[in-house]
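For reference, model17.cif (mmCIF, C-alpha atoms and all ligand atoms):
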```
data_target
#
loop_
_atom_site.group_PDB
_atom_site.id
_atom_site.type_symbol
_atom_site.label_atom_id
_atom_site.label_comp_id
_atom_site.auth_asym_id
_atom_site.auth_seq_id
_atom_site.Cartn_x
_atom_site.Cartn_y
_atom_site.Cartn_z
ATOM 1 C CA PRO A 3 -41.236 5.156 -31.994
ATOM 2 C CA LEU A 4 -42.461 2.426 -29.711
ATOM 3 C CA SER A 5 -40.887 -1.004 -30.114
ATOM 4 C CA LEU A 6 -42.382 -3.542 -27.806
ATOM 5 C CA THR A 7 -42.472 -7.326 -27.802
ATOM 6 C CA ILE A 8 -44.969 -8.983 -25.479
ATOM 7 C CA ALA A 9 -44.619 -12.733 -24.909
ATOM 8 C CA ILE A 10 -47.632 -14.500 -23.432
ATOM 9 C CA ASP A 11 -47.587 -18.130 -22.328
ATOM 10 C CA GLY A 12 -49.914 -20.357 -20.410
ATOM 11 C CA PRO A 13 -51.964 -23.556 -20.503
ATOM 12 C CA ALA A 14 -54.976 -24.173 -22.732
ATOM 13 C CA GLY A 15 -58.020 -22.148 -21.738
ATOM 14 C CA ALA A 16 -56.317 -19.714 -19.359
ATOM 15 C CA GLY A 17 -57.489 -16.753 -21.427
ATOM 16 C CA LYS A 18 -54.149 -15.858 -22.978
ATOM 17 C CA GLY A 19 -55.578 -15.598 -26.488
ATOM 18 C CA THR A 20 -58.190 -13.050 -25.473
ATOM 19 C CA LEU A 21 -55.606 -11.162 -23.451
ATOM 20 C CA ALA A 22 -53.116 -11.184 -26.329
ATOM 21 C CA ARG A 23 -55.727 -9.757 -28.720
ATOM 22 C CA ARG A 24 -56.725 -7.045 -26.254
ATOM 23 C CA LEU A 25 -53.111 -5.994 -25.664
ATOM 24 C CA ALA A 26 -52.269 -6.058 -29.373
ATOM 25 C CA ASP A 27 -55.278 -3.871 -30.044
ATOM 26 C CA TYR A 28 -54.497 -1.440 -27.256
ATOM 27 C CA TYR A 29 -50.782 -1.008 -28.086
ATOM 28 C CA HIS A 30 -51.356 -1.204 -31.858
ATOM 29 C CA LEU A 31 -49.102 -4.227 -32.297
ATOM 30 C CA PRO A 32 -49.416 -7.152 -34.701
ATOM 31 C CA HIS A 33 -50.435 -10.377 -32.985
ATOM 32 C CA LEU A 34 -49.575 -14.020 -33.656
ATOM 33 C CA ASP A 35 -51.366 -16.877 -31.917
ATOM 34 C CA THR A 36 -48.590 -19.465 -32.290
ATOM 35 C CA GLY A 37 -50.996 -22.270 -31.346
ATOM 36 C CA LEU A 38 -52.512 -21.759 -34.792
ATOM 37 C CA THR A 39 -49.226 -22.780 -36.436
ATOM 38 C CA TYR A 40 -49.272 -26.127 -34.611
ATOM 39 C CA ARG A 41 -52.980 -26.442 -35.371
ATOM 40 C CA ALA A 42 -52.462 -25.726 -39.084
ATOM 41 C CA LEU A 43 -49.857 -28.460 -39.253
ATOM 42 C CA ALA A 44 -52.089 -30.919 -37.381
ATOM 43 C CA GLN A 45 -55.007 -30.046 -39.649
ATOM 44 C CA MET A 46 -52.897 -30.858 -42.737
ATOM 45 C CA LEU A 47 -51.998 -34.265 -41.316
ATOM 46 C CA LEU A 48 -55.611 -34.995 -40.338
ATOM 47 C CA ALA A 49 -56.871 -33.940 -43.793
ATOM 48 C CA LYS A 50 -54.384 -36.258 -45.512
ATOM 49 C CA GLY A 51 -55.029 -39.081 -43.063
ATOM 50 C CA TRP A 52 -51.368 -39.214 -42.083
ATOM 51 C CA PRO A 53 -50.580 -40.534 -38.604
ATOM 52 C CA LEU A 54 -49.699 -37.754 -36.152
ATOM 53 C CA GLY A 55 -46.614 -39.543 -34.910
ATOM 54 C CA ASP A 56 -45.118 -39.935 -38.394
ATOM 55 C CA GLU A 57 -42.146 -37.603 -38.181
ATOM 56 C CA PRO A 58 -41.168 -37.261 -41.867
ATOM 57 C CA HIS A 59 -44.719 -36.323 -42.833
ATOM 58 C CA ALA A 60 -45.081 -33.971 -39.870
ATOM 59 C CA VAL A 61 -41.833 -32.222 -40.797
ATOM 60 C CA GLU A 62 -42.932 -31.890 -44.416
ATOM 61 C CA ALA A 63 -46.251 -30.380 -43.294
ATOM 62 C CA ALA A 64 -44.494 -28.034 -40.841
ATOM 63 C CA ARG A 65 -42.529 -26.534 -43.753
ATOM 64 C CA LEU A 66 -45.809 -25.840 -45.552
ATOM 65 C CA VAL A 67 -47.361 -23.859 -42.692
ATOM 66 C CA ASP A 68 -48.052 -20.346 -43.955
ATOM 67 C CA LEU A 69 -48.242 -17.640 -41.285
ATOM 68 C CA SER A 70 -50.225 -15.346 -43.557
ATOM 69 C CA ASN A 71 -52.889 -17.977 -44.063
ATOM 70 C CA LEU A 72 -54.004 -19.248 -40.657
ATOM 71 C CA ASP A 73 -57.777 -19.542 -40.542
ATOM 72 C CA ARG A 74 -58.945 -19.680 -36.949
ATOM 73 C CA SER A 75 -62.457 -20.779 -37.914
ATOM 74 C CA VAL A 76 -61.101 -23.953 -39.507
ATOM 75 C CA LEU A 77 -58.463 -24.601 -36.853
ATOM 76 C CA SER A 78 -60.409 -23.992 -33.661
ATOM 77 C CA ALA A 79 -61.968 -27.489 -33.522
ATOM 78 C CA HIS A 80 -61.226 -29.389 -30.348
ATOM 79 C CA ALA A 81 -59.846 -32.390 -32.266
ATOM 80 C CA VAL A 82 -57.366 -30.127 -34.063
ATOM 81 C CA GLY A 83 -56.068 -28.785 -30.734
ATOM 82 C CA GLU A 84 -55.623 -32.309 -29.433
ATOM 83 C CA ALA A 85 -53.760 -33.340 -32.575
ATOM 84 C CA ALA A 86 -51.654 -30.159 -32.402
ATOM 85 C CA SER A 87 -50.414 -31.014 -28.924
ATOM 86 C CA LYS A 88 -49.351 -34.442 -30.198
ATOM 87 C CA VAL A 89 -47.293 -33.164 -33.150
ATOM 88 C CA ALA A 90 -45.884 -30.363 -30.965
ATOM 89 C CA VAL A 91 -43.677 -32.869 -29.118
ATOM 90 C CA ILE A 92 -41.537 -33.486 -32.252
ATOM 91 C CA PRO A 93 -38.347 -31.370 -31.909
ATOM 92 C CA GLU A 94 -37.788 -30.916 -35.658
ATOM 93 C CA VAL A 95 -41.374 -29.717 -36.061
ATOM 94 C CA ARG A 96 -40.833 -27.176 -33.289
ATOM 95 C CA ARG A 97 -37.577 -25.988 -34.838
ATOM 96 C CA ILE A 98 -39.294 -25.250 -38.157
ATOM 97 C CA LEU A 99 -42.328 -23.532 -36.629
ATOM 98 C CA VAL A 100 -40.270 -21.513 -34.118
ATOM 99 C CA GLU A 101 -38.193 -20.158 -37.006
ATOM 100 C CA LYS A 102 -41.368 -18.961 -38.747
ATOM 101 C CA GLN A 103 -42.690 -17.453 -35.508
ATOM 102 C CA ARG A 104 -39.444 -15.537 -35.006
ATOM 103 C CA THR A 105 -39.728 -13.936 -38.442
ATOM 104 C CA PHE A 106 -43.043 -12.543 -37.191
ATOM 105 C CA ALA A 107 -41.621 -11.459 -33.828
ATOM 106 C CA VAL A 108 -38.797 -9.332 -35.273
ATOM 107 C CA GLN A 109 -41.064 -6.706 -36.879
ATOM 108 C CA PRO A 110 -39.618 -3.236 -36.224
ATOM 109 C CA GLY A 111 -42.439 -1.992 -33.973
ATOM 110 C CA GLY A 112 -42.602 -5.215 -32.000
ATOM 111 C CA ALA A 113 -45.402 -7.731 -31.683
ATOM 112 C CA VAL A 114 -47.547 -9.761 -29.331
ATOM 113 C CA LEU A 115 -47.099 -13.530 -29.493
ATOM 114 C CA ASP A 116 -48.924 -16.083 -27.404
ATOM 115 C CA GLY A 117 -48.302 -19.782 -26.959
ATOM 116 C CA ARG A 118 -46.424 -22.158 -24.653
ATOM 117 C CA ASP A 119 -42.741 -21.361 -25.207
ATOM 118 C CA ILE A 120 -42.719 -17.712 -26.281
ATOM 119 C CA GLY A 121 -40.924 -16.288 -23.233
ATOM 120 C CA THR A 122 -38.606 -19.276 -22.909
ATOM 121 C CA VAL A 123 -37.699 -20.144 -26.515
ATOM 122 C CA VAL A 124 -39.257 -18.038 -29.279
ATOM 123 C CA CYS A 125 -38.681 -14.544 -27.816
ATOM 124 C CA PRO A 126 -36.344 -14.917 -24.829
ATOM 125 C CA ASP A 127 -35.507 -11.191 -25.083
ATOM 126 C CA ALA A 128 -39.109 -9.951 -25.041
ATOM 127 C CA ALA A 129 -39.516 -6.740 -23.030
ATOM 128 C CA VAL A 130 -42.617 -8.102 -21.319
ATOM 129 C CA LYS A 131 -43.324 -11.733 -20.472
ATOM 130 C CA LEU A 132 -46.647 -12.811 -19.053
ATOM 131 C CA TYR A 133 -47.482 -16.274 -17.783
ATOM 132 C CA VAL A 134 -51.255 -16.530 -17.688
ATOM 133 C CA THR A 135 -52.828 -19.325 -15.668
ATOM 134 C CA ALA A 136 -56.113 -20.319 -14.076
ATOM 135 C CA SER A 137 -56.996 -23.447 -12.144
ATOM 136 C CA ALA A 138 -57.976 -26.461 -14.263
ATOM 137 C CA GLU A 139 -61.497 -26.342 -12.762
ATOM 138 C CA VAL A 140 -61.977 -22.702 -13.721
ATOM 139 C CA ARG A 141 -60.670 -23.347 -17.237
ATOM 140 C CA ALA A 142 -63.041 -26.321 -17.606
ATOM 141 C CA ARG A 143 -65.976 -24.232 -16.371
ATOM 142 C CA ARG A 144 -65.142 -21.479 -18.891
ATOM 143 C CA ARG A 145 -64.857 -24.003 -21.699
ATOM 144 C CA LEU A 146 -68.242 -25.510 -20.781
ATOM 145 C CA ALA A 147 -69.839 -22.039 -20.712
ATOM 146 C CA GLU A 148 -68.348 -21.326 -24.156
ATOM 147 C CA ILE A 149 -69.784 -24.572 -25.576
ATOM 148 C CA GLU A 150 -73.188 -23.839 -24.055
ATOM 149 C CA ALA A 151 -73.136 -20.282 -25.395
ATOM 150 C CA ASN A 152 -72.762 -21.851 -28.845
ATOM 151 C CA ASP A 153 -75.856 -23.989 -28.209
ATOM 152 C CA GLY A 154 -73.836 -27.112 -27.539
ATOM 153 C CA THR A 155 -73.807 -29.414 -24.559
ATOM 154 C CA GLY A 156 -70.735 -30.585 -22.719
ATOM 155 C CA ASP A 157 -69.806 -32.771 -19.805
ATOM 156 C CA PHE A 158 -67.796 -30.949 -17.121
ATOM 157 C CA ALA A 159 -65.897 -34.052 -15.971
ATOM 158 C CA ALA A 160 -64.905 -34.956 -19.533
ATOM 159 C CA ILE A 161 -63.761 -31.386 -20.277
ATOM 160 C CA LEU A 162 -61.738 -31.270 -17.060
ATOM 161 C CA ALA A 163 -60.095 -34.608 -17.890
ATOM 162 C CA ASP A 164 -59.219 -33.240 -21.361
ATOM 163 C CA ILE A 165 -57.662 -30.129 -19.882
ATOM 164 C CA ASN A 166 -55.586 -32.137 -17.427
ATOM 165 C CA ARG A 167 -54.399 -34.437 -20.199
ATOM 166 C CA ARG A 168 -53.398 -31.482 -22.405
ATOM 167 C CA ASP A 169 -51.561 -29.814 -19.476
ATOM 168 C CA GLU A 170 -49.637 -33.012 -18.826
ATOM 169 C CA ARG A 171 -48.613 -33.307 -22.462
ATOM 170 C CA ASP A 172 -47.602 -29.624 -22.770
ATOM 171 C CA MET A 173 -45.776 -29.429 -19.437
ATOM 172 C CA GLY A 174 -44.268 -32.893 -19.570
ATOM 173 C CA ARG A 175 -42.659 -32.928 -23.005
ATOM 174 C CA ALA A 176 -38.866 -32.919 -23.230
ATOM 175 C CA ASP A 177 -38.532 -30.168 -25.860
ATOM 176 C CA SER A 178 -39.729 -26.684 -24.812
ATOM 177 C CA PRO A 179 -42.188 -27.733 -22.108
ATOM 178 C CA LEU A 180 -44.742 -25.188 -20.919
ATOM 179 C CA LYS A 181 -43.294 -23.322 -17.952
ATOM 180 C CA PRO A 182 -42.929 -19.695 -16.914
ATOM 181 C CA ALA A 183 -39.727 -17.946 -18.003
ATOM 182 C CA ALA A 184 -37.603 -16.923 -15.028
ATOM 183 C CA ASP A 185 -38.473 -13.266 -15.674
ATOM 184 C CA ALA A 186 -42.175 -13.776 -16.465
ATOM 185 C CA HIS A 187 -44.936 -11.941 -14.611
ATOM 186 C CA LEU A 188 -47.464 -14.459 -13.332
ATOM 187 C CA LEU A 189 -51.104 -13.651 -13.865
ATOM 188 C CA ASP A 190 -53.607 -16.044 -12.293
ATOM 189 C CA THR A 191 -56.974 -15.230 -13.847
ATOM 190 C CA SER A 192 -58.984 -17.783 -11.815
ATOM 191 C CA GLN A 193 -60.825 -15.003 -9.965
ATOM 192 C CA MET A 194 -60.596 -12.349 -12.697
ATOM 193 C CA SER A 195 -62.932 -11.143 -15.389
ATOM 194 C CA ILE A 196 -61.481 -10.614 -18.876
ATOM 195 C CA GLU A 197 -61.475 -6.878 -18.206
ATOM 196 C CA ALA A 198 -59.655 -7.282 -14.890
ATOM 197 C CA ALA A 199 -57.043 -9.527 -16.500
ATOM 198 C CA PHE A 200 -56.525 -6.967 -19.259
ATOM 199 C CA LEU A 201 -56.095 -4.118 -16.757
ATOM 200 C CA ALA A 202 -53.606 -6.162 -14.709
ATOM 201 C CA ALA A 203 -51.596 -6.989 -17.838
ATOM 202 C CA LYS A 204 -51.741 -3.401 -19.054
ATOM 203 C CA ALA A 205 -50.393 -2.194 -15.698
ATOM 204 C CA ILE A 206 -47.425 -4.563 -16.074
ATOM 205 C CA VAL A 207 -46.725 -3.431 -19.643
ATOM 206 C CA ASP A 208 -47.059 0.280 -18.782
ATOM 207 C CA ASP A 209 -44.645 -0.201 -15.902
ATOM 208 C CA VAL A 210 -42.063 -1.753 -18.238
ATOM 209 C CA LEU A 211 -42.580 1.059 -20.766
ATOM 210 C CA ALA A 212 -42.115 3.715 -18.060
ATOM 211 C CA LYS A 213 -38.834 2.097 -16.987
ATOM 212 C CA LYS A 214 -37.711 1.933 -20.628
ATOM 213 C CA ASP A 215 -38.461 5.652 -20.896
ATOM 214 C CA GLU A 216 -36.362 6.446 -17.845
ATOM 215 C CA ALA A 217 -33.408 4.433 -19.124
HETATM 216 O O1 LIG B 301 -52.929 -22.694 -27.801
HETATM 217 P P1 LIG B 301 -53.548 -23.818 -28.584
HETATM 218 O O2 LIG B 301 -54.527 -24.623 -27.797
HETATM 219 O O3 LIG B 301 -54.106 -23.355 -29.883
HETATM 220 O O4 LIG B 301 -52.328 -24.777 -28.949
HETATM 221 C C1 LIG B 301 -52.541 -26.069 -29.428
HETATM 222 C C2 LIG B 301 -51.345 -26.949 -29.032
HETATM 223 O O5 LIG B 301 -50.187 -26.519 -29.754
HETATM 224 C C3 LIG B 301 -50.956 -26.837 -27.562
HETATM 225 O O6 LIG B 301 -51.654 -27.733 -26.736
HETATM 226 C C4 LIG B 301 -49.467 -27.128 -27.591
HETATM 227 O O7 LIG B 301 -49.209 -28.518 -27.505
HETATM 228 C C5 LIG B 301 -49.028 -26.643 -28.958
HETATM 229 N N1 LIG B 301 -48.307 -25.379 -28.873
HETATM 230 C C6 LIG B 301 -46.967 -25.410 -28.559
HETATM 231 N N2 LIG B 301 -46.230 -24.279 -28.541
HETATM 232 C C7 LIG B 301 -46.799 -23.084 -28.781
HETATM 233 C C8 LIG B 301 -48.183 -23.014 -29.082
HETATM 234 C C9 LIG B 301 -48.921 -24.186 -29.104
HETATM 235 O O8 LIG B 301 -46.415 -26.479 -28.311
HETATM 236 N N3 LIG B 301 -46.026 -21.983 -28.770
#
```
Rewrite the structure of this file - the entire thing - as structure tokens.
Ligand code: C5P
Amino acid sequence: PLSLTIAIDGPAGAGKGTLARRLADYYHLPHLDTGLTYRALAQMLLAKGWPLGDEPHAVEAARLVDLSNLDRSVLSAHAVGEAASKVAVIPEVRRILVEKQRTFAVQPGGAVLDGRDIGTVVCPDAAVKLYVTASAEVRARRRLAEIEANDGTGDFAAILADINRRDERDMGRADSPLKPAADAHLLDTSQMSIEAAFLAAKAIVDDVLAKKDEA
């Protein structure tokens, strides 16, 4: 039987979540959006009014994060993502959440995980590693389109500034910064539709599976 772990990393808004869901669906694998674990922790701190930089409280909340109870609809708010990237710099918080993420990753049939440090830290032995990027401008334009599709209004310059700030925080932190694993396949989706990105990723995965078969 097929056992396949797919690790997907990339900056906010590059389309890795959509890609991860499509691949998980196609290869019949369970999927974990690890960003939700950081978001769940941030949400707990926000709800209790605890400061995000307060390490003992953040660590306590990290222990309470329950992988089987991550509600995207509650956690998708922009403010929660911002707060998540602030608590994600605390090494002890990362240690606790990475341990939980690994328990998900070791399922017998494999799994798809997406985040910032999956190929480098959480699943360094993953059979397939994808690093999904798009230019900051393209990511900001997509985000604006998403807001407008939900009947909201947004300011392109403000969204772009947000994206650049988040990139800086995620790529600049000392513990597990966002960067491609040495053996990651780079996928720049700036000029790609969702479908094209899926087909490109699928081609990479199928290639790895074919080589596994030969071995
Ligand atoms: O991907 P998402 O925007 O939901 O992630 C929210 C924040 O959580 C990221 O900006 C990042 O700081 C943090 N994160 C992380 N490591 C992961 C997933 C998310 O540090 N594996």
Which residues sit within 8 Å of ligand LIG 301 (chain B), counting only C-alpha atoms and all ligand atoms, listed as a compact mmCIF listing (two decimals) with C-alpha atoms, in the coordinates of the input?
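Result file follows (result_29.txt):
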```txt
# COMPACT_ATOMS: atom_id res chain seq x y z
CA ASP A 11 -47.59 -18.13 -22.33
CA PRO A 13 -51.96 -23.56 -20.50
CA ALA A 14 -54.98 -24.17 -22.73
CA GLY A 15 -58.02 -22.15 -21.74
CA GLY A 19 -55.58 -15.60 -26.49
CA ASP A 35 -51.37 -16.88 -31.92
CA THR A 36 -48.59 -19.46 -32.29
CA GLY A 37 -51.00 -22.27 -31.35
CA LEU A 38 -52.51 -21.76 -34.79
CA THR A 39 -49.23 -22.78 -36.44
CA TYR A 40 -49.27 -26.13 -34.61
CA ARG A 41 -52.98 -26.44 -35.37
CA SER A 78 -60.41 -23.99 -33.66
CA VAL A 82 -57.37 -30.13 -34.06
CA GLY A 83 -56.07 -28.78 -30.73
CA GLU A 84 -55.62 -32.31 -29.43
CA ALA A 85 -53.76 -33.34 -32.58
CA ALA A 86 -51.65 -30.16 -32.40
CA SER A 87 -50.41 -31.01 -28.92
CA LYS A 88 -49.35 -34.44 -30.20
CA VAL A 89 -47.29 -33.16 -33.15
CA ALA A 90 -45.88 -30.36 -30.96
CA VAL A 91 -43.68 -32.87 -29.12
CA ARG A 96 -40.83 -27.18 -33.29
CA VAL A 100 -40.27 -21.51 -34.12
CA ASP A 116 -48.92 -16.08 -27.40
CA GLY A 117 -48.30 -19.78 -26.96
CA ARG A 118 -46.42 -22.16 -24.65
CA ASP A 119 -42.74 -21.36 -25.21
CA ILE A 120 -42.72 -17.71 -26.28
CA VAL A 124 -39.26 -18.04 -29.28
CA ARG A 168 -53.40 -31.48 -22.40
CA ASP A 169 -51.56 -29.81 -19.48
CA ARG A 171 -48.61 -33.31 -22.46
CA ASP A 172 -47.60 -29.62 -22.77
CA SER A 178 -39.73 -26.68 -24.81
CA PRO A 179 -42.19 -27.73 -22.11
CA LEU A 180 -44.74 -25.19 -20.92
```
In Å and to one decimal, atom CA of Ala205 of chain A is distant from atom CA of Asp27 of chain A by 15.2 Å
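A straight line drawn from atom CA of Tyr133 of chain A to atom CA of Pro32 of chain A is 19.3 Å long.
Every residue that the PyMOL selection byres (((chain A and resi 191) around 10) and not hetatm) selects in this file is listed here: Ala16, Gly17, Lys18, Val134, Thr135, Ala136, Ser137, Val140, Arg141, Leu188, Leu189, Asp190, Ser192, Gln193, Met194, Ser195, Ile196, Ala198, Ala199, Phe200 and Ala202 of chain A.
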Can those selected residues be exported to a file as a PDB file, keeping the file's coordinate frame so that it contains C-alpha atoms?
```pdb
ATOM      1  CA  ALA A  16     -56.317 -19.714 -19.359  1.00  0.00           C
ATOM      2  CA  GLY A  17     -57.489 -16.753 -21.427  1.00  0.00           C
ATOM      3  CA  LYS A  18     -54.149 -15.858 -22.978  1.00  0.00           C
ATOM      4  CA  VAL A 134     -51.255 -16.530 -17.688  1.00  0.00           C
ATOM      5  CA  THR A 135     -52.828 -19.325 -15.668  1.00  0.00           C
ATOM      6  CA  ALA A 136     -56.113 -20.319 -14.076  1.00  0.00           C
ATOM      7  CA  SER A 137     -56.996 -23.447 -12.144  1.00  0.00           C
ATOM      8  CA  VAL A 140     -61.977 -22.702 -13.721  1.00  0.00           C
ATOM      9  CA  ARG A 141     -60.670 -23.347 -17.237  1.00  0.00           C
ATOM     10  CA  LEU A 188     -47.464 -14.459 -13.332  1.00  0.00           C
ATOM     11  CA  LEU A 189     -51.104 -13.651 -13.865  1.00  0.00           C
ATOM     12  CA  ASP A 190     -53.607 -16.044 -12.293  1.00  0.00           C
ATOM     13  CA  SER A 192     -58.984 -17.783 -11.815  1.00  0.00           C
ATOM     14  CA  GLN A 193     -60.825 -15.003  -9.965  1.00  0.00           C
ATOM     15  CA  MET A 194     -60.596 -12.349 -12.697  1.00  0.00           C
ATOM     16  CA  SER A 195     -62.932 -11.143 -15.389  1.00  0.00           C
ATOM     17  CA  ILE A 196     -61.481 -10.614 -18.876  1.00  0.00           C
ATOM     18  CA  ALA A 198     -59.655  -7.282 -14.890  1.00  0.00           C
ATOM     19  CA  ALA A 199     -57.043  -9.527 -16.500  1.00  0.00           C
ATOM     20  CA  PHE A 200     -56.525  -6.967 -19.259  1.00  0.00           C
ATOM     21  CA  ALA A 202     -53.606  -6.162 -14.709  1.00  0.00           C
TER      22      ALA A 202
END
```
Residues at most 10 Å from Arg24 of chain A, counting all atoms listed in the file, excluding those fewer than 2 positions away in the same chain, as a compact mmCIF listing (two decimals) with C-alpha atoms, in the frame of the given file?
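Everything below was put into out_23.txt:
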```txt
# COMPACT_ATOMS: atom_id res chain seq x y z
CA LYS A 18 -54.15 -15.86 -22.98
CA GLY A 19 -55.58 -15.60 -26.49
CA THR A 20 -58.19 -13.05 -25.47
CA LEU A 21 -55.61 -11.16 -23.45
CA ALA A 22 -53.12 -11.18 -26.33
CA ALA A 26 -52.27 -6.06 -29.37
CA ASP A 27 -55.28 -3.87 -30.04
CA TYR A 28 -54.50 -1.44 -27.26
CA TYR A 29 -50.78 -1.01 -28.09
CA HIS A 30 -51.36 -1.20 -31.86
CA HIS A 33 -50.44 -10.38 -32.98
CA ILE A 196 -61.48 -10.61 -18.88
CA GLU A 197 -61.48 -6.88 -18.21
CA PHE A 200 -56.52 -6.97 -19.26
CA LEU A 201 -56.10 -4.12 -16.76
CA ALA A 203 -51.60 -6.99 -17.84
CA LYS A 204 -51.74 -3.40 -19.05
```
List the spatial neighbours of Thr105 of chain A as JSON, numbers by chain - criterion: any atom at most 12 Å away, only C-alpha atoms, same-chain residues fewer than 3 positions off excluded.
{"A": [34, 68, 69, 70, 98, 99, 100, 101, 102, 108, 109, 110, 112, 113, 115, 124, 125]}
Got a sec to resolve the PyMOL selection byres (((chain A and resi 57) around 10) and not hetatm) on this structure and send the residues as a PDB file with C-alpha atoms, keeping the file's coordinate frame?
```
ATOM      1  CA  PRO A  53     -50.580 -40.534 -38.604  1.00  0.00           C
ATOM      2  CA  LEU A  54     -49.699 -37.754 -36.152  1.00  0.00           C
ATOM      3  CA  GLY A  55     -46.614 -39.543 -34.910  1.00  0.00           C
ATOM      4  CA  ASP A  56     -45.118 -39.935 -38.394  1.00  0.00           C
ATOM      5  CA  PRO A  58     -41.168 -37.261 -41.867  1.00  0.00           C
ATOM      6  CA  HIS A  59     -44.719 -36.323 -42.833  1.00  0.00           C
ATOM      7  CA  ALA A  60     -45.081 -33.971 -39.870  1.00  0.00           C
ATOM      8  CA  VAL A  61     -41.833 -32.222 -40.797  1.00  0.00           C
ATOM      9  CA  GLU A  62     -42.932 -31.890 -44.416  1.00  0.00           C
ATOM     10  CA  ALA A  63     -46.251 -30.380 -43.294  1.00  0.00           C
ATOM     11  CA  VAL A  89     -47.293 -33.164 -33.150  1.00  0.00           C
ATOM     12  CA  ILE A  92     -41.537 -33.486 -32.252  1.00  0.00           C
ATOM     13  CA  PRO A  93     -38.347 -31.370 -31.909  1.00  0.00           C
ATOM     14  CA  GLU A  94     -37.788 -30.916 -35.658  1.00  0.00           C
ATOM     15  CA  VAL A  95     -41.374 -29.717 -36.061  1.00  0.00           C
TER      16      VAL A  95
END
```
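Atom CA of Asp209 of chain A to atom CA of Ser5 of chain A spans 14.7 Å [interatomic distance, one decimal].
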Taking all atoms listed in the file into account, which of A:Leu25, A:Ala81, A:Ala151, A:Met173 comes nearest Ile10 of chain A?
A:Leu25
Any chance you could work out the axis-aligned box around segment 181-192 of chain A, listed atoms only, 5 Å on each side, giving centre and edge lengths in Å to one decimal, as lines of an AutoDock Vina configuration file?
```
center_x = -48.3
center_y = -17.6
center_z = -14.9
size_x = 31.4
size_y = 21.4
size_z = 16.2
```
List the residues sitting within 8 Å of (-70.6, -26.1, -16.7) in the file's frame, using all atoms listed in the file, as a VMD selection string.
chain A and resid 142 to 147 156 to 158
Writer output for current selection, C-alpha atoms, as an mmCIF file, keeping the file's coordinate frame:
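Dumped to out_10.cif:
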```cif
data_model
loop_
_atom_site.group_PDB
_atom_site.id
_atom_site.type_symbol
_atom_site.label_atom_id
_atom_site.label_comp_id
_atom_site.auth_asym_id
_atom_site.auth_seq_id
_atom_site.Cartn_x
_atom_site.Cartn_y
_atom_site.Cartn_z
ATOM 1 C CA ALA A 142 -63.041 -26.321 -17.606
ATOM 2 C CA ARG A 143 -65.976 -24.232 -16.371
ATOM 3 C CA ARG A 144 -65.142 -21.479 -18.891
ATOM 4 C CA ARG A 145 -64.857 -24.003 -21.699
ATOM 5 C CA LEU A 146 -68.242 -25.510 -20.781
ATOM 6 C CA ALA A 147 -69.839 -22.039 -20.712
ATOM 7 C CA GLY A 156 -70.735 -30.585 -22.719
ATOM 8 C CA ASP A 157 -69.806 -32.771 -19.805
ATOM 9 C CA PHE A 158 -67.796 -30.949 -17.121
#
```
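Shortest separation to Ile165 of chain A among A:Val114, A:His80, A:Lys213, A:Asp177 occurs at residue A:His80, atoms counted being only C-alpha atoms.
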So which one's closest to Ile161 of chain A, A:Glu139, A:Val130, A:Ser75, A:Thr7? Using all atoms listed in the file, please.
A:Glu139
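Comparing A:Ala176, A:Ile206, A:Ala129, A:Ile149 by their smallest distance to Ala107 of chain A, the closest is A:Ala129 (using all atoms listed in the file).
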